[in-house]
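Everything on this sheet refers to the single structure shown next.
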Amino acid sequence: MIIGTLSGPRLADKRVIVIVILAIVVASTAAFAFLQILGSGGNGNSSTNTTTSQSLPSYPQGTRFIRIRALEKNSMWALPDYDAQQVLRIVSDLKPEALERYVSGPQNASAPVPVAPGSPPMTVGEFLNASLRACECYIIPRLSLGNYDSGKFLNEAASLLSMPVYPKMRYLSLDSWTPFASSHTSDEVKGMFQRLYDQGWAGVGLNECGGYSPSYRYATFANFCVSTNTWKPIAAGLAQLKNEPNIKLRLLYIDFPDAMKNFSALSTTEEADIFAQKISPAQSEDGFVFVYPIAQSFWDSMTRVNPADSAYGGASIYEVMKGLMNQYNAG
């Protein structure tokens with residue numbers, strides 16, 4: 001009856017052993033769970049775990065992205081041929097999941113925007129919230145790194161984050177990335193990202209069209225461009241972005257000013273062919289999302305109209321792109 005007579009020091013020793021084993025099991029389970037969280041990035045993001053912000057970085061969701069550059073820095077209206085109501089009708093018609101670079105630079109929520117004759121006055125804040133209601137989407141603002149060394153950049157980023165826009169602007173798209181990355185050390189670059197994440201940004205994107213520079217596993221999305229020679233996505237640029245596992249979303253642009261100047265020199269039928277044959281169908285297979293160029297100060301897809309006897313039957317480039325979005329970017 002050895003078990004029956006177990007008592008005193010022996011029993012105490014076994015209790016200690018059991019407690020130690022339980023502590024080891026609990027610690028191991030917690031460590032494993034923590035590693036799983038880091039591995040998923042909290043949002044399927046396996047590599048952007050270098051920040052110390054409360055929530056790990058994520059990337060913009062969706063497949064239906066459009067570009068309407070409505071507001072420039074300091075709330076300057078950027079579409080001279082449109083008023084707020086006209087822009088809202090476009091947003092409602094296209095129903096994008098993201099208004100990519102809809103605003104650029106810091107904004108004044110109380111500043112007025114142009115409205116249609118007979119319409120009540122509207123502020124920037126009211127316009128942005130009306131835009132979001134029109135599409136049930138979110139806004140990705142643009143900000144230039146050109147002001148970083150002057151100390152303005154971080155203040156501008158914080159002001160965008162605090163805008164009274166709902167849902168809040170949580171993803172930030174950065175310009176002037178190539179000159180910034182080439183003129184700053186890796187520690188300075190990492191510090192820039194860290195400060196943005198510490199402010200509360202959920203993800204940061206980069207304009208890599210000017211030449212690729214690594215983000216040191218901090219960026220969560222990035223853009224590359226269409227070749228103005230072949231009018232196809234630049235394969236080398238896409239491959240470089242795919243080499244950074246933290247970059248989970250790759251956005252294709254065609255509408256920077258120089259590229260659009262060359263693009264607009266083509267016939268509207270050639271433009272439509274490029275969208276319909278070379279870009280939109282390639283998104284899924286090649287692993288990118290096309291940002292459809294709707295309207296900027298130097299480009300208006302509605303005024304680009306195909307001949308009636310063309311394969312597009314007199315449709316505008318706007319209508320062609322809307323059809324392609326419904327076919328390839330249904331959400």
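For the structure tokens, the naming scheme is as follows: chains receive sequential letters (A, B, ...) according to their order of presentation, residues are indexed from 1 within each chain, and ligands are indexed from 1 in presentation order.
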
Taking only residues of range 183-277 of chain A that have an atom at most 10 Å from an atom of range 309-322 of chain A, what is each one's shortest atom pair and its distance in Å to one decimal, using only C-alpha atoms, in chain and number order, as JSON lines?
```
{"residue": "A:Thr268", "atom": "CA", "partner": "A:Ile317", "partner_atom": "CA", "distance": 7.2}
{"residue": "A:Thr269", "atom": "CA", "partner": "A:Ser310", "partner_atom": "CA", "distance": 7.1}
{"residue": "A:Glu271", "atom": "CA", "partner": "A:Ile317", "partner_atom": "CA", "distance": 7.7}
{"residue": "A:Ala272", "atom": "CA", "partner": "A:Ile317", "partner_atom": "CA", "distance": 6.3}
{"residue": "A:Asp273", "atom": "CA", "partner": "A:Tyr312", "partner_atom": "CA", "distance": 9.3}
{"residue": "A:Phe275", "atom": "CA", "partner": "A:Met321", "partner_atom": "CA", "distance": 7.4}
{"residue": "A:Ala276", "atom": "CA", "partner": "A:Val320", "partner_atom": "CA", "distance": 8.0}
```

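Within range 232-311 of chain A, residues classed as alpha helix (DSSP H) by DSSP on backbone coordinates are Ala235, Ala236, Gly237, Leu238, Ala239, Gln240, Leu241, Lys242, Pro257, Asp258, Ala259, Met260, Lys261, Asn262, Phe263, Ser264, Thr268, Thr269, Glu270, Glu271, Ala272, Asp273, Gln283, Ser284, Glu285 and Asp286 of chain A.
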
Glu126 in chain A surroundings by only C-alpha atoms, 9 Å radius, close-in-sequence under 5 positions cut, as a count of residues only: 4

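Here the question is which of A:Ser173, A:Ser267, A:Ser92, A:Asn326 gets nearest to Tyr59 in chain A using only C-alpha atoms, and that residue is A:Ser173.
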
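Of note, CA of Met122 in chain A and CA of Asp81 in chain A are spaced 17.3 Å apart.
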
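Going from CA of Thr303 in chain A over to CA of Ala70 in chain A, you cover 17.2 Å.
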
Residues near range 207-222 of chain A, cut-off 9 Å, only C-alpha atoms, skip fewer than 4 positions along chain, as a PyMOL selection string: chain A and resi 45+47-51+57-60+173-179+181-182+186+189-190+193-194+203+226+237+240-241+244-253

Write the selection just made, keeping C-alpha atoms, as a PDB file, in the first residue's frame?
```pdb
ATOM      1  CA  ASN A  45       0.284  40.019 -42.742  1.00  0.00           C
ATOM      2  CA  SER A  47       6.143  40.070 -41.975  1.00  0.00           C
ATOM      3  CA  THR A  48       5.288  43.557 -40.748  1.00  0.00           C
ATOM      4  CA  ASN A  49       5.927  42.819 -37.087  1.00  0.00           C
ATOM      5  CA  THR A  50       8.724  45.310 -36.553  1.00  0.00           C
ATOM      6  CA  THR A  51       6.621  48.114 -35.082  1.00  0.00           C
ATOM      7  CA  PRO A  57       0.153  46.985 -39.593  1.00  0.00           C
ATOM      8  CA  SER A  58      -2.357  45.907 -42.209  1.00  0.00           C
ATOM      9  CA  TYR A  59      -3.067  46.762 -45.824  1.00  0.00           C
ATOM     10  CA  PRO A  60      -6.042  48.211 -47.762  1.00  0.00           C
ATOM     11  CA  SER A 173       0.020  56.564 -49.467  1.00  0.00           C
ATOM     12  CA  LEU A 174       3.431  58.252 -49.694  1.00  0.00           C
ATOM     13  CA  ASP A 175       5.006  60.099 -52.622  1.00  0.00           C
ATOM     14  CA  SER A 176       8.633  61.200 -53.097  1.00  0.00           C
ATOM     15  CA  TRP A 177       9.659  57.811 -51.718  1.00  0.00           C
ATOM     16  CA  THR A 178      12.644  57.190 -54.011  1.00  0.00           C
ATOM     17  CA  PRO A 179      14.470  60.477 -53.250  1.00  0.00           C
ATOM     18  CA  ALA A 181      14.959  56.513 -49.375  1.00  0.00           C
ATOM     19  CA  SER A 182      18.148  57.371 -51.295  1.00  0.00           C
ATOM     20  CA  SER A 186      18.086  52.691 -43.148  1.00  0.00           C
ATOM     21  CA  VAL A 189      13.773  55.271 -43.002  1.00  0.00           C
ATOM     22  CA  LYS A 190      12.671  52.785 -40.348  1.00  0.00           C
ATOM     23  CA  PHE A 193       7.642  54.304 -40.647  1.00  0.00           C
ATOM     24  CA  GLN A 194       7.720  53.726 -36.906  1.00  0.00           C
ATOM     25  CA  GLY A 203      -0.781  50.657 -43.012  1.00  0.00           C
ATOM     26  CA  VAL A 226       2.481  50.846 -66.686  1.00  0.00           C
ATOM     27  CA  GLY A 237       8.579  46.605 -60.881  1.00  0.00           C
ATOM     28  CA  GLN A 240      10.430  43.753 -56.904  1.00  0.00           C
ATOM     29  CA  LEU A 241       7.276  44.389 -54.892  1.00  0.00           C
ATOM     30  CA  GLU A 244       8.922  42.109 -50.133  1.00  0.00           C
ATOM     31  CA  PRO A 245       6.558  39.698 -48.346  1.00  0.00           C
ATOM     32  CA  ASN A 246       5.261  42.505 -46.135  1.00  0.00           C
ATOM     33  CA  ILE A 247       3.802  44.280 -49.204  1.00  0.00           C
ATOM     34  CA  LYS A 248       0.447  42.541 -49.437  1.00  0.00           C
ATOM     35  CA  LEU A 249      -1.222  44.813 -51.981  1.00  0.00           C
ATOM     36  CA  ARG A 250       0.338  45.920 -55.268  1.00  0.00           C
ATOM     37  CA  LEU A 251      -1.470  48.779 -57.005  1.00  0.00           C
ATOM     38  CA  LEU A 252      -0.947  49.538 -60.698  1.00  0.00           C
ATOM     39  CA  TYR A 253      -0.971  53.197 -61.791  1.00  0.00           C
TER      40      TYR A 253
END
```

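Backbone DSSP over range 117-149 of chain A gives strand (DSSP E or B) for Met122, Thr123, Tyr138, Ile139, Ile140, Pro141, Arg142, Leu143 and Ser144 of chain A.
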
Would you write out those residues with N, CA and C atoms, as an mmCIF file, in the first residue's frame?
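This went into again-v5.cif:
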```
data_model
loop_
_atom_site.group_PDB
_atom_site.id
_atom_site.type_symbol
_atom_site.label_atom_id
_atom_site.label_comp_id
_atom_site.auth_asym_id
_atom_site.auth_seq_id
_atom_site.Cartn_x
_atom_site.Cartn_y
_atom_site.Cartn_z
ATOM 1 N N MET A 122 -21.264 73.592 -48.870
ATOM 2 C CA MET A 122 -20.728 72.316 -48.382
ATOM 3 C C MET A 122 -19.272 72.507 -48.009
ATOM 4 N N THR A 123 -18.860 71.947 -46.888
ATOM 5 C CA THR A 123 -17.476 72.021 -46.455
ATOM 6 C C THR A 123 -16.712 70.775 -46.905
ATOM 7 N N TYR A 138 -13.818 53.615 -48.305
ATOM 8 C CA TYR A 138 -12.908 54.373 -47.468
ATOM 9 C C TYR A 138 -11.950 55.167 -48.349
ATOM 10 N N ILE A 139 -11.283 56.130 -47.761
ATOM 11 C CA ILE A 139 -10.373 57.028 -48.480
ATOM 12 C C ILE A 139 -8.938 56.707 -48.101
ATOM 13 N N ILE A 140 -8.074 56.644 -49.108
ATOM 14 C CA ILE A 140 -6.624 56.567 -48.885
ATOM 15 C C ILE A 140 -6.042 57.919 -49.271
ATOM 16 N N PRO A 141 -5.547 58.710 -48.318
ATOM 17 C CA PRO A 141 -4.964 60.003 -48.651
ATOM 18 C C PRO A 141 -3.523 59.872 -49.127
ATOM 19 N N ARG A 142 -3.074 60.891 -49.847
ATOM 20 C CA ARG A 142 -1.698 60.971 -50.325
ATOM 21 C C ARG A 142 -0.946 62.017 -49.514
ATOM 22 N N LEU A 143 0.347 61.749 -49.279
ATOM 23 C CA LEU A 143 1.202 62.710 -48.592
ATOM 24 C C LEU A 143 2.613 62.586 -49.141
ATOM 25 N N SER A 144 3.279 63.722 -49.328
ATOM 26 C CA SER A 144 4.639 63.713 -49.869
ATOM 27 C C SER A 144 5.670 63.690 -48.755
#
```

Among the residues A:Arg69, A:Leu145, A:Met169, A:Trp299, the one that comes closest to His184 in chain A [using only C-alpha atoms]: A:Leu145

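Coordinates place CA of Phe65 in chain A at a distance of 5.7 Å from CA of Pro96 in chain A.
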
Who sits within 9 Å of Gln199 in chain A, only C-alpha atoms, same chain under 2 positions skipped, as a ChimeraX atom specification: /A:53,154,157-158,161,194-197,201

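Restricting the calculation to only C-alpha atoms, the smallest distance between Lys73 in chain A and any of A:Cys225, A:Leu99, A:Ala111, A:Ile90 is found for A:Ala111.
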